[in-house]
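Novice: Below you will find the structure I want to go over with you.
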Number of protein chains: 2
Amino acid sequence: MDRPAPVSPCHCLALRQASRRLTQHYDQHLAPTGLRTSQYGLLRGLGRVGPISINGFADIMVMDRTTMGRALHPLTRDGLIAAGPGRDGRTRSLTLTEAGQKRIEEAQPFWEQAQRTFEERYGAVPAGDLRRAAERLALSV
Amino acid sequence: MDRPAPVSPCHCLALRQASRRLTQHYDQHLAPTGLRTSQYGLLRGLGRVGPISINGFADIMVMDRTTMGRALHPLTRDGLIAAGPGRDGRTRSLTLTEAGQKRIEEAQPFWEQAQRTFEERYGAVPAGDLRRAAERLALSV
DNA sequence: GTGTAAAGCGTGCATATGCGCCTAAGCAAG
DNA sequence: CTTGCTTAGGCGCATATGCACGCTTTACAC
């Protein structure tokens, strides 16, 4: 997998490529848990901000609302997230189930190893800088 | 679309969120051209490194080979990229067609505006730093 | 109360993403 | 020439991504 120089000074393309690579790295570490990185992120996020509506959760996770709706399917199917009725007839209330909480705890060591091995290769300081820059982008654009 | 603080110190999650947001920004600007950001990136990339095989192009663009194979479908369908026979009976040779070259030129002003407006909001210097950090990640991990 | 706007969510469509498995073609050792 | 490894690519499956459109429910002005 040796490649020539990356093609283009496009900020977006560079970020997309980096995102793909990093996702692959984390996914490989999380594979034994049966969770993808995206799903682990959703569980962690819901654990912090739930109970919450789909739209609210989508905003927090920086996703399109319809993407969120569909991303929840495999998680509700597997009983990791419960989507009960909300305070309205419109809203649905998302909560992390006990199985979901347990699954997070099982997956955490694998996530930590992914995070750690990435920091070892890329450098912990640059990794932190990159993360903060990405967080700022997600909030600002 | 105002959100609370982003959830998690996970490098991967932060990068994925930023990637989604930025892709949305560029996609909105490129919408009049009928190209998505990803497709514009593929055309630009192929223009630089083509003719090339699918696997070779996938490596350069930091994609899975199967993802590349499928991403080419709408582009070959629309005649922007030609997938002729390669030097082997196995390999296929990807080239940018004249229509593809023309499409890039048509789209360029829209891409430039997306790039520029992002830099205005996020800051040109941080944007460059972020792009270089992302490029390094794509090559290193 | 009623009409209208807005909020919350779902669905259809098209593309994006990558893993596992498969086939075909080249290539080297015997 | 045959056996076996490697390379190039396709396809099925499942999830990810978001736009356009539509539906139901609520909020609000009047």
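Convention: chains lettered A, B, ... in structure tokens order; per-chain residue numbering from 1; ligands numbered from 1 as shown.
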Can you work out which residues from chain A touch chain B at a cut-off of 9 Å (counting only C-alpha atoms) and hand them back as JSON, numbers by chain?
Specialist: {"A": [1, 2, 3, 4, 5, 6, 7, 8, 9, 10, 11, 12, 13, 14, 15, 16, 17, 18, 19, 20, 21, 22, 23, 25, 26, 37, 38, 41, 44, 45, 48, 49, 56, 59, 60, 61, 62, 63, 111, 115, 118, 121, 122, 126, 127, 128, 129, 130, 131, 132, 133, 134, 135, 136, 137, 138, 139, 140, 141]}
Novice: Could you name the residues that touch DG30 in chain C at 12 Å or less, counting only C-alpha atoms (C1' of nucleotides), but leaving out those on the same chain fewer than 6 positions away, as a ChimeraX atom specification?
Specialist: /D:1-4
Novice: Can I get the residues of chain D within 10 Å of chain B, each with the closest pair of atoms and their distance in Å to one decimal, using only C-alpha atoms (C1' of nucleotides), sorted chain first then ascending number, as a Markdown table?
Specialist:
| residue | atom | partner | partner_atom | distance |
| --- | --- | --- | --- | --- |
| D:DT7 | C1' | B:Arg90 | CA | 8.3 |
| D:DA8 | C1' | B:Arg90 | CA | 5.2 |
| D:DG9 | C1' | B:Arg90 | CA | 7.1 |
| D:DG10 | C1' | B:Thr66 | CA | 8.5 |
| D:DC11 | C1' | B:Thr66 | CA | 9.7 |
| D:DT17 | C1' | B:Arg20 | CA | 8.4 |
| D:DG18 | C1' | B:Gln24 | CA | 8.4 |
Novice: Please produce, as a Markdown table, a per-residue contact table for chain C versus chain B (criterion: any atom at most 9 Å away, only C-alpha atoms (C1' of nucleotides) considered), showing the nearest atom pair and its distance in Å to one decimal, sorted by chain then residue number.
Specialist:
| residue | atom | partner | partner_atom | distance |
| --- | --- | --- | --- | --- |
| C:DT15 | C1' | B:Ala71 | CA | 7.8 |
| C:DA16 | C1' | B:Thr67 | CA | 7.4 |
| C:DT17 | C1' | B:Thr67 | CA | 6.2 |
| C:DG18 | C1' | B:Asp64 | CA | 6.4 |
| C:DA24 | C1' | B:Arg90 | CA | 7.3 |
| C:DA25 | C1' | B:Arg90 | CA | 5.7 |
| C:DG26 | C1' | B:Asp88 | CA | 8.1 |
Novice: Can you tell me how far CA of Ile81 in chain B sits from CA of Gln101 in chain B, in Å to one decimal?
Specialist: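 Separating CA of Ile81 in chain B from CA of Gln101 in chain B is a distance of 9.2 Å.
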Novice: Could you give me the residues within range 9-88 of chain A that DSSP places in helix (DSSP H, G or I), as JSON, numbers by chain?
Specialist: {"A": [11, 12, 13, 14, 15, 16, 17, 18, 19, 20, 21, 22, 23, 24, 25, 26, 27, 28, 29, 30, 31, 32, 33, 37, 38, 39, 40, 41, 42, 43, 44, 45, 46, 47, 48, 49, 54, 55, 56, 57, 58, 59, 60, 65, 66, 67, 68, 69, 70, 71, 72, 73, 74, 75, 76, 77]}
